[in-house]
$ cat data_29.cif   # mmCIF, C-alpha atoms
data_work
#
loop_
_atom_site.label_atom_id
_atom_site.label_comp_id
_atom_site.auth_asym_id
_atom_site.auth_seq_id
_atom_site.Cartn_x
_atom_site.Cartn_y
_atom_site.Cartn_z
CA MET A 60 -9.37 24.68 -12.60
CA LEU A 61 -9.80 22.01 -9.92
CA GLN A 62 -10.48 19.46 -12.64
CA ALA A 63 -7.29 20.58 -14.40
CA VAL A 64 -5.31 20.00 -11.20
CA LEU A 65 -6.78 16.52 -10.74
CA GLY A 66 -6.19 15.76 -14.41
CA VAL A 67 -2.50 16.56 -14.18
CA LEU A 68 -2.19 14.50 -10.99
CA ALA A 69 -3.91 11.47 -12.54
CA ASP A 70 -1.94 11.68 -15.78
CA SER A 71 1.52 12.60 -14.53
CA GLY A 72 1.64 12.58 -10.73
CA TYR A 73 2.46 15.31 -8.26
CA GLU A 74 6.03 15.87 -9.33
CA ARG A 75 4.83 17.06 -12.76
CA LEU A 76 2.16 19.29 -11.28
CA THR A 77 3.50 22.62 -12.51
CA LEU A 78 1.97 25.98 -13.25
CA GLU A 79 2.45 25.37 -16.96
CA ALA A 80 0.81 21.94 -16.91
CA VAL A 81 -2.26 23.23 -15.07
CA ARG A 82 -2.54 26.34 -17.23
CA GLU A 83 -2.40 24.26 -20.36
CA ARG A 84 -5.45 22.30 -19.22
CA ALA A 85 -7.34 25.09 -17.55
CA GLY A 86 -7.21 27.44 -20.54
CA SER A 87 -8.04 31.08 -19.84
CA ALA A 88 -9.12 30.19 -16.30
CA GLY A 89 -5.49 29.42 -15.51
CA ALA A 90 -4.09 32.82 -16.43
CA LEU A 91 -4.18 34.23 -12.93
CA LEU A 92 -2.91 31.10 -11.23
CA GLU A 93 0.33 31.39 -9.28
CA ALA A 94 2.72 28.63 -8.33
CA ASP A 95 2.09 29.18 -4.62
CA ASP A 96 -1.58 28.30 -5.14
CA LEU A 97 -0.96 24.81 -6.43
CA ASP A 98 -0.89 22.92 -3.14
CA ASP A 99 -3.98 24.76 -1.90
CA LEU A 100 -5.75 23.84 -5.11
CA VAL A 101 -4.79 20.19 -4.64
CA VAL A 102 -6.26 20.22 -1.15
CA ILE A 103 -9.49 21.84 -2.35
CA ALA A 104 -9.78 19.55 -5.36
CA LEU A 105 -9.33 16.48 -3.16
CA GLN A 106 -12.40 17.48 -1.16
CA HIS A 107 -14.37 16.14 -4.12
CA VAL A 108 -12.40 12.89 -4.30
CA ARG A 109 -13.54 9.97 -2.22
CA LEU A 110 -12.22 6.57 -3.16
CA PHE A 111 -14.71 4.38 -1.33
CA ASP A 112 -18.43 4.40 -0.76
CA VAL A 113 -20.27 2.36 1.81
CA PRO A 114 -21.55 -0.62 -0.21
CA GLU A 115 -25.27 -1.28 -0.48
CA PRO A 116 -26.37 -3.87 2.07
CA THR A 117 -26.51 -7.39 0.68
CA GLY A 118 -27.70 -9.00 3.89
CA SER A 119 -24.45 -10.78 4.74
CA LEU A 120 -20.90 -9.92 5.69
CA ARG A 121 -19.64 -12.08 2.84
CA GLY A 122 -21.83 -10.29 0.32
CA ASP A 123 -20.94 -6.84 1.62
CA LEU A 124 -17.20 -7.59 1.57
CA GLU A 125 -17.56 -8.86 -1.99
CA SER A 126 -19.30 -5.63 -2.97
CA LEU A 127 -16.58 -3.59 -1.34
CA LEU A 128 -13.70 -5.56 -2.84
CA ARG A 129 -14.97 -6.40 -6.32
CA PRO A 130 -14.04 -3.02 -7.85
CA TRP A 131 -10.52 -3.30 -6.38
CA LEU A 132 -9.67 -6.21 -8.64
CA GLY A 133 -10.46 -4.20 -11.76
CA GLY A 134 -8.52 -1.40 -13.42
CA ARG A 135 -7.76 1.88 -11.72
CA ARG A 136 -10.21 4.72 -12.01
CA PHE A 137 -9.32 8.38 -12.45
CA GLU A 138 -9.58 9.03 -8.69
CA ASP A 139 -7.27 6.12 -7.91
CA LYS A 140 -4.57 7.58 -10.12
CA VAL A 141 -4.95 10.99 -8.47
CA ILE A 142 -4.21 9.46 -5.07
CA ALA A 143 -1.42 7.28 -6.48
CA GLY A 144 0.22 10.44 -7.77
CA LEU A 145 0.11 12.03 -4.33
CA LEU A 146 1.18 9.16 -2.07
CA SER A 147 4.87 10.04 -1.98
CA ALA A 148 4.37 13.80 -1.68
CA ALA A 149 1.91 13.23 1.18
CA GLU A 150 4.76 11.69 3.18
CA TRP A 151 6.52 15.03 3.45
CA ASP A 152 3.71 17.56 3.45
CA GLY A 153 1.21 17.65 6.29
CA LYS A 154 -1.56 19.35 4.31
CA LEU A 155 -1.34 16.83 1.50
CA ARG A 156 -1.17 13.98 4.01
CA ASP A 157 -4.38 15.13 5.66
CA ALA A 158 -6.05 15.52 2.27
CA VAL A 159 -5.05 11.99 1.22
CA HIS A 160 -6.29 10.74 4.56
CA ASP A 161 -9.70 12.33 3.97
CA SER A 162 -9.99 10.93 0.42
CA PHE A 163 -8.54 7.49 1.01
CA ASP A 164 -8.10 6.33 4.61
CA ARG A 165 -11.18 7.82 6.19
CA PRO A 166 -13.77 6.71 3.55
CA LEU A 167 -12.28 3.22 3.63
CA ALA A 168 -12.46 3.00 7.41
CA GLN A 169 -16.04 4.26 7.26
CA ALA A 170 -17.01 1.69 4.63
CA VAL A 171 -15.40 -1.15 6.57
CA GLY A 172 -16.93 0.07 9.82
CA ALA A 173 -20.38 0.35 8.30
CA VAL A 174 -20.21 -3.13 6.78
CA LEU A 175 -19.08 -4.70 10.03
CA ALA A 176 -21.60 -2.84 12.19
CA ARG A 177 -24.40 -3.70 9.80
CA THR A 178 -23.76 -7.40 9.52
CA CYS A 179 -22.15 -8.15 12.87
CA GLY A 180 -23.99 -5.80 15.15
CA ARG A 181 -21.40 -4.89 17.76
CA GLU A 182 -20.17 -8.41 18.30
CA LEU A 183 -16.69 -8.21 16.80
CA PRO A 184 -13.84 -7.43 19.21
CA ALA A 185 -12.06 -4.18 18.43
CA PRO A 186 -8.69 -5.84 17.65
CA ASP A 187 -10.32 -7.91 14.91
CA VAL A 188 -11.91 -4.85 13.39
CA GLN A 189 -8.56 -3.03 13.47
CA THR A 190 -6.71 -5.97 11.97
CA LEU A 191 -9.26 -6.37 9.18
CA ASN A 192 -9.19 -2.64 8.57
CA TRP A 193 -5.41 -2.68 8.34
CA ILE A 194 -5.44 -5.58 5.90
CA LEU A 195 -8.07 -3.94 3.73
CA ARG A 196 -6.22 -0.64 3.75
CA GLY A 197 -3.15 -2.46 2.55
CA LEU A 198 -5.05 -4.14 -0.26
CA ALA A 199 -6.60 -0.82 -1.26
CA LEU A 200 -3.19 0.80 -1.31
CA ASN A 201 -1.73 -1.97 -3.40
CA ARG A 202 -4.60 -1.58 -5.82
CA LEU A 203 -3.52 2.03 -6.49
CA ARG A 204 -0.38 0.73 -8.13
CA ALA A 205 -0.41 0.02 -11.85
CA LYS A 206 1.67 -3.09 -11.55
CA ASP A 207 0.70 -5.62 -8.98
CA ALA A 208 -0.53 -9.14 -8.71
CA ARG A 209 -4.23 -8.50 -8.17
CA ALA A 210 -5.01 -10.13 -11.51
CA HIS A 211 -4.06 -13.44 -9.93
CA VAL A 212 -6.29 -13.03 -6.92
CA ASP A 213 -9.69 -14.66 -6.89
CA LEU A 214 -12.38 -12.54 -5.20
CA ASP A 215 -14.24 -15.47 -3.65
CA ARG A 216 -11.02 -16.88 -2.26
CA LEU A 217 -9.94 -13.52 -0.88
CA VAL A 218 -13.27 -13.00 0.88
CA GLU A 219 -13.10 -16.54 2.29
CA TYR A 220 -9.62 -15.76 3.55
CA LEU A 221 -10.73 -12.55 5.25
CA LEU A 222 -13.80 -14.17 6.82
CA ALA A 223 -11.78 -17.12 8.13
CA GLY A 224 -9.73 -14.81 10.32
CA LEU A 225 -12.76 -13.32 12.04
CA PRO A 226 -14.39 -15.06 14.96
CA PRO A 227 -17.73 -16.74 14.20
CA VAL A 228 -20.31 -14.02 13.74
CA ARG A 229 -23.37 -13.77 15.96
CA HIS A 230 -25.93 -11.39 14.62
CA ALA A 231 -27.12 -8.40 16.60
CA GLU A 232 -29.48 -8.93 19.48
CA THR A 233 -32.60 -8.79 17.36
CA GLY A 234 -31.29 -11.83 15.53
CA THR A 235 -32.12 -10.17 12.24
CA VAL A 236 -29.79 -8.79 9.63
CA ARG A 237 -30.59 -5.33 8.48
CA ALA A 238 -31.05 -5.40 4.71
CA MET B 293 27.19 9.82 -4.57
CA LEU B 294 24.75 6.90 -4.47
CA GLN B 295 24.36 7.43 -0.74
CA ALA B 296 23.65 11.11 -1.37
CA VAL B 297 20.89 10.17 -3.81
CA LEU B 298 19.33 7.74 -1.33
CA GLY B 299 19.66 10.31 1.44
CA VAL B 300 17.73 12.95 -0.49
CA LEU B 301 15.05 10.39 -1.38
CA ALA B 302 14.62 9.26 2.22
CA ASP B 303 14.58 12.80 3.59
CA SER B 304 12.54 14.64 0.98
CA GLY B 305 11.15 12.23 -1.61
CA TYR B 306 11.65 12.00 -5.34
CA GLU B 307 10.07 15.32 -6.20
CA ARG B 308 12.81 17.16 -4.28
CA LEU B 309 15.58 15.07 -5.81
CA THR B 310 17.39 17.86 -7.64
CA LEU B 311 20.93 18.38 -8.84
CA GLU B 312 21.43 20.96 -6.10
CA ALA B 313 20.16 18.71 -3.33
CA VAL B 314 22.42 15.83 -4.35
CA ARG B 315 25.46 18.07 -4.88
CA GLU B 316 25.01 19.55 -1.45
CA ARG B 317 25.24 16.09 0.11
CA ALA B 318 27.83 14.60 -2.21
CA GLY B 319 30.33 17.43 -1.78
CA SER B 320 33.10 17.56 -4.36
CA ALA B 321 32.01 14.19 -5.77
CA GLY B 322 28.87 15.89 -7.05
CA ALA B 323 30.59 18.54 -9.12
CA LEU B 324 30.43 16.64 -12.39
CA LEU B 325 26.90 15.38 -11.89
CA GLU B 326 24.32 16.40 -14.50
CA ALA B 327 20.56 16.51 -14.11
CA ASP B 328 20.09 13.84 -16.77
CA ASP B 329 22.07 11.39 -14.62
CA LEU B 330 19.71 11.53 -11.65
CA ASP B 331 17.26 8.81 -12.65
CA ASP B 332 20.08 6.50 -13.65
CA LEU B 333 21.72 7.10 -10.28
CA VAL B 334 18.46 6.27 -8.53
CA VAL B 335 18.23 2.99 -10.41
CA ILE B 336 21.84 2.09 -9.58
CA ALA B 337 21.48 3.13 -5.93
CA LEU B 338 18.36 0.99 -5.55
CA GLN B 339 20.32 -2.08 -6.52
CA HIS B 340 21.72 -1.90 -2.99
CA VAL B 341 18.30 -1.50 -1.38
CA ARG B 342 16.35 -4.58 -0.46
CA LEU B 343 13.47 -4.15 1.93
CA PHE B 344 12.97 -7.76 2.99
CA ASP B 345 15.21 -10.66 3.85
CA VAL B 346 14.15 -14.27 4.08
CA PRO B 347 13.63 -14.77 7.83
CA GLU B 348 15.68 -17.33 9.72
CA PRO B 349 13.76 -20.60 10.07
CA THR B 350 11.94 -20.89 13.39
CA GLY B 351 10.49 -24.33 12.71
CA SER B 352 6.90 -23.24 12.20
CA LEU B 353 4.88 -21.16 9.78
CA ARG B 354 3.57 -19.11 12.69
CA GLY B 355 7.06 -18.37 13.94
CA ASP B 356 8.37 -17.52 10.49
CA LEU B 357 5.46 -15.17 9.76
CA GLU B 358 6.04 -13.49 13.11
CA SER B 359 9.71 -13.01 12.23
CA LEU B 360 8.78 -11.56 8.86
CA LEU B 361 6.08 -9.24 10.20
CA ARG B 362 7.52 -8.08 13.52
CA PRO B 363 9.73 -5.36 12.01
CA TRP B 364 6.77 -4.01 10.03
CA LEU B 365 5.00 -2.90 13.18
CA GLY B 366 7.93 -0.74 14.21
CA GLY B 367 9.12 2.57 12.83
CA ARG B 368 10.30 3.02 9.28
CA ARG B 369 13.92 2.45 8.42
CA PHE B 370 15.99 4.52 6.02
CA GLU B 371 15.33 2.10 3.16
CA ASP B 372 11.58 2.20 3.76
CA LYS B 373 11.58 5.97 3.37
CA VAL B 374 13.58 5.72 0.16
CA ILE B 375 10.91 3.50 -1.38
CA ALA B 376 8.08 5.62 0.06
CA GLY B 377 9.60 8.60 -1.71
CA LEU B 378 9.61 6.77 -5.03
CA LEU B 379 6.19 5.10 -5.03
CA SER B 380 4.37 7.83 -6.91
CA ALA B 381 7.14 8.51 -9.42
CA ALA B 382 7.38 4.78 -10.13
CA GLU B 383 3.81 4.90 -11.43
CA TRP B 384 4.85 7.01 -14.40
CA ASP B 385 8.38 5.90 -15.11
CA GLY B 386 9.10 2.36 -16.25
CA LYS B 387 12.72 2.32 -15.10
CA LEU B 388 11.83 3.50 -11.61
CA ARG B 389 8.92 1.06 -11.48
CA ASP B 390 11.23 -1.85 -12.27
CA ALA B 391 13.73 -0.64 -9.69
CA VAL B 392 11.04 -0.40 -6.99
CA HIS B 393 9.85 -3.86 -7.99
CA ASP B 394 13.34 -5.27 -7.49
CA SER B 395 13.79 -3.59 -4.10
CA PHE B 396 10.30 -4.10 -2.71
CA ASP B 397 7.99 -6.54 -4.52
CA ARG B 398 10.47 -9.19 -5.51
CA PRO B 399 12.28 -9.57 -2.14
CA LEU B 400 8.92 -9.74 -0.39
CA ALA B 401 7.60 -12.42 -2.75
CA GLN B 402 10.84 -14.34 -2.25
CA ALA B 403 10.62 -14.11 1.53
CA VAL B 404 6.97 -15.21 1.56
CA GLY B 405 7.66 -17.99 -0.92
CA ALA B 406 10.63 -19.24 1.10
CA VAL B 407 8.67 -19.25 4.35
CA LEU B 408 5.76 -21.13 2.82
CA ALA B 409 7.92 -23.65 0.99
CA ARG B 410 9.97 -24.26 4.12
CA THR B 411 7.12 -24.84 6.51
CA CYS B 412 4.39 -26.16 4.23
CA GLY B 413 6.40 -28.19 1.77
CA ARG B 414 4.50 -27.87 -1.47
CA GLU B 415 1.10 -28.49 0.02
CA LEU B 416 -0.50 -25.09 -0.25
CA PRO B 417 -2.64 -24.47 -3.35
CA ALA B 418 -1.30 -21.69 -5.58
CA PRO B 419 -4.35 -19.41 -5.08
CA ASP B 420 -3.77 -19.40 -1.33
CA VAL B 421 -0.14 -18.48 -1.79
CA GLN B 422 -1.10 -15.67 -4.17
CA THR B 423 -3.78 -14.37 -1.84
CA LEU B 424 -1.44 -14.40 1.15
CA ASN B 425 1.26 -12.76 -0.92
CA TRP B 426 -1.15 -10.03 -2.00
CA ILE B 427 -2.27 -9.39 1.56
CA LEU B 428 1.30 -9.21 2.82
CA ARG B 429 2.34 -6.90 0.00
CA GLY B 430 -0.51 -4.61 0.97
CA LEU B 431 0.56 -4.60 4.61
CA ALA B 432 4.15 -3.92 3.60
CA LEU B 433 3.06 -1.05 1.41
CA ASN B 434 0.94 0.43 4.16
CA ARG B 435 3.89 0.19 6.49
CA LEU B 436 5.86 2.53 4.21
CA ARG B 437 3.49 5.34 5.10
CA ALA B 438 4.30 7.51 8.08
CA LYS B 439 0.73 7.76 9.25
CA ASP B 440 -1.24 4.59 9.51
CA ALA B 441 -2.95 2.42 12.03
CA ARG B 442 -0.30 -0.24 12.51
CA ALA B 443 0.26 0.89 16.09
CA HIS B 444 -3.16 -0.55 16.90
CA VAL B 445 -2.43 -3.91 15.36
CA ASP B 446 -1.33 -6.76 17.55
CA LEU B 447 1.27 -9.02 15.94
CA ASP B 448 -0.04 -12.24 17.44
CA ARG B 449 -3.58 -11.44 16.37
CA LEU B 450 -2.45 -10.53 12.85
CA VAL B 451 -0.53 -13.78 12.44
CA GLU B 452 -3.54 -15.73 13.77
CA TYR B 453 -5.70 -13.95 11.24
CA LEU B 454 -3.37 -14.78 8.37
CA LEU B 455 -3.01 -18.42 9.42
CA ALA B 456 -6.77 -18.86 9.80
CA GLY B 457 -7.28 -18.17 6.12
CA LEU B 458 -4.87 -20.88 5.01
CA PRO B 459 -6.03 -24.48 4.73
CA PRO B 460 -4.76 -26.80 7.47
CA VAL B 461 -1.09 -27.39 6.87
CA ARG B 462 0.28 -30.83 6.25
CA HIS B 463 4.02 -30.96 6.47
CA ALA B 464 6.17 -32.05 3.58
CA GLU B 465 6.36 -35.74 2.76
CA THR B 466 9.15 -36.47 5.14
CA GLY B 467 6.83 -35.40 7.92
CA THR B 468 9.59 -33.29 9.38
CA VAL B 469 9.91 -29.57 9.56
CA ARG B 470 13.25 -28.21 8.50
CA ALA B 471 14.60 -26.10 11.29
#
$ encode --input "data_29.cif" --output "structure tokens"
Amino acid sequence: MLQAVLGVLADSGYERLTLEAVRERAGSAGALLEADDLDDLVVIALQHVRLFDVPEPTGSLRGDLESLLRPWLGGRRFEDKVIAGLLSAAEWDGKLRDAVHDSFDRPLAQAVGAVLARTCGRELPAPDVQTLNWILRGLALNRLRAKDARAHVDLDRLVEYLLAGLPPVRHAETGTVRA
Amino acid sequence: MLQAVLGVLADSGYERLTLEAVRERAGSAGALLEADDLDDLVVIALQHVRLFDVPEPTGSLRGDLESLLRPWLGGRRFEDKVIAGLLSAAEWDGKLRDAVHDSFDRPLAQAVGAVLARTCGRELPAPDVQTLNWILRGLALNRLRAKDARAHVDLDRLVEYLLAGLPPVRHAETGTVRA
């Protein structure tokens, strides 16, 4: 049932998420479903959707940012389309907004935070972290759209661009980079 | 009637854009409206929506970027909410996607292009322009959301960050900056 809800969202977006559409996918499991349950099901289904993982350590900020960003330049995955289908609805519904936050915003902030803490120790000033986080969130959001210009963006150049804006990195007090 | 359509979009999003909702706002003008007309009305109404203007020249790239970005750190305007309400639907409908492109993506690319051409002449390599454009589009998209972290972002710091990623600017051949 939850998979049926996510399937409709990814294929048609929230505005086509109807009782009929979910029942059609869920088969006999959908028989008892009622229209009032749909939003609750979306929220529960989204608990299994997490758009970003903390990338494996590469030993450098450049390498970790590349690992984080490389998938963004490719095509959209199933989970990306689910969130794309909910972005507008989440603007007007607090429960959906929180669910999108937990599947999209929070995992991204955690991944960015982990990468920065790992490779920079605690040396970066908070405003830089927030600015980088905001920029990356924007890029991630743009990537959810089918039609954008990411095909023209070169990963190496983008990472260079993002690194250039950060102050020179001093490694954590041990002088070593955790790998 | 067009204003009624935009009003429903800004207040409730595309999924609540129904015949009843528009009729209620449009008054007697809505009496002859049919459900099949709604998407066409959205497309026509969006022709009057343009999220970005080319900023007035300040004489420097820094100043022009600040002019472009300053409004993004504030609250959302009516037009921003209209587009926020359409983002998901535009993923599955080609006509709406084109309309959002003309109201959001194209004016932004034009504003960024004008600012760069004005203050950098033609000196910036195309990949840098595309990368900056992609970053700014992401920020603009993020700004359409009610809940995000822009309140923590400092405009000066953001502009510094964006400038740092660009190669050192040489002014156009005349050596002067148009102001």
$ residues_around --input "data_29.cif" --residues "stretch 343-350 of chain B" --least-positions-apart "3" --cutoff "7 Å" --atoms "all atoms listed in the file" --output "ChimeraX atom specification"
/B:355-356,359-360,371-372,395-396,399-400,403,406,471
$ closest_residue --input "data_29.cif" --among "B:Leu330, B:Ala409, B:Leu379, B:Val421" --to "A:Asn201" --atoms "all atoms listed in the file"
B:Leu379
$ resolve_selection --input "data_29.cif" --expression "the PyMOL selection byres ((chain B) within 6 of (chain A))" --output "list of chain:residue names"
B:Glu307, B:Ala376, B:Gly377, B:Leu379, B:Ser380, B:Thr423, B:Gly430, B:Leu431, B:Asn434, B:Val445, B:Tyr453, B:Ala456, B:Gly457
$ resolve_selection --input "data_29.cif" --expression "the PyMOL selection byres ((chain B and resi 311) around 12)" --output "MDAnalysis selection string"
chainID B and resid 293 296:297 300 306:310 312:319 322:331 333
$ atom_distance --input "data_29.cif" --atom1 "atom CA of B:Val334" --atom2 "atom CA of B:Arg362"
28.5 Å
$ atom_distance --input "data_29.cif" --atom1 "atom CA of A:Leu65" --atom2 "atom CA of A:Gly134"
18.2 Å
$ decode --input "data_29.cif" --residues "stretch 82-142 of chain A" --atoms "C-alpha atoms" --output "CSV table (one decimal), in the first residue's frame"
chain,number,residue,atom,x,y,z
A,82,ARG,CA,-6.5,1.2,-5.3
A,83,GLU,CA,-5.6,0.4,-8.8
A,84,ARG,CA,-1.9,-0.2,-7.8
A,85,ALA,CA,-2.5,-1.7,-4.4
A,86,GLY,CA,-4.9,-4.4,-5.7
A,87,SER,CA,-7.0,-6.1,-3.0
A,88,ALA,CA,-5.0,-4.4,-0.3
A,89,GLY,CA,-6.6,-1.1,-1.3
A,90,ALA,CA,-10.2,-2.2,-0.8
A,91,LEU,CA,-10.5,-0.8,2.7
A,92,LEU,CA,-8.7,2.4,2.0
A,93,GLU,CA,-10.6,5.6,2.5
A,94,ALA,CA,-9.9,9.0,1.0
A,95,ASP,CA,-9.2,10.5,4.4
A,96,ASP,CA,-6.3,8.1,4.9
A,97,LEU,CA,-4.3,9.3,1.9
A,98,ASP,CA,-2.4,12.1,3.5
A,99,ASP,CA,-1.5,9.9,6.5
A,100,LEU,CA,-0.3,7.2,4.2
A,101,VAL,CA,1.9,9.8,2.4
A,102,VAL,CA,3.5,10.8,5.7
A,103,ILE,CA,4.1,7.2,6.7
A,104,ALA,CA,5.4,6.2,3.3
A,105,LEU,CA,7.8,9.2,3.3
A,106,GLN,CA,9.4,7.8,6.5
A,107,HIS,CA,11.1,5.3,4.2
A,108,VAL,CA,12.3,8.0,1.7
A,109,ARG,CA,15.6,9.7,2.3
A,110,LEU,CA,17.1,11.5,-0.6
A,111,PHE,CA,20.7,11.9,0.6
A,112,ASP,CA,23.1,9.6,2.4
A,113,VAL,CA,26.3,10.8,4.1
A,114,PRO,CA,29.0,10.0,1.5
A,115,GLU,CA,31.8,7.6,2.3
A,116,PRO,CA,34.9,9.5,3.4
A,117,THR,CA,37.4,10.1,0.6
A,118,GLY,CA,39.9,11.9,2.7
A,119,SER,CA,39.3,15.4,1.3
A,120,LEU,CA,36.6,18.0,1.3
A,121,ARG,CA,36.9,18.1,-2.5
A,122,GLY,CA,36.5,14.4,-2.8
A,123,ASP,CA,33.6,14.2,-0.4
A,124,LEU,CA,31.7,17.1,-2.2
A,125,GLU,CA,32.3,15.3,-5.5
A,126,SER,CA,30.8,12.1,-4.0
A,127,LEU,CA,27.8,14.1,-2.7
A,128,LEU,CA,27.2,16.0,-5.9
A,129,ARG,CA,28.0,13.5,-8.6
A,130,PRO,CA,24.6,11.7,-8.4
A,131,TRP,CA,22.8,15.1,-8.7
A,132,LEU,CA,24.0,15.6,-12.2
A,133,GLY,CA,22.4,12.4,-13.4
A,134,GLY,CA,18.8,11.5,-14.0
A,135,ARG,CA,16.2,11.6,-11.3
A,136,ARG,CA,15.6,8.5,-9.2
A,137,PHE,CA,12.2,7.2,-8.0
A,138,GLU,CA,12.6,9.0,-4.7
A,139,ASP,CA,13.4,12.3,-6.3
A,140,LYS,CA,10.2,12.2,-8.3
A,141,VAL,CA,8.2,11.4,-5.2
A,142,ILE,CA,9.5,14.6,-3.5
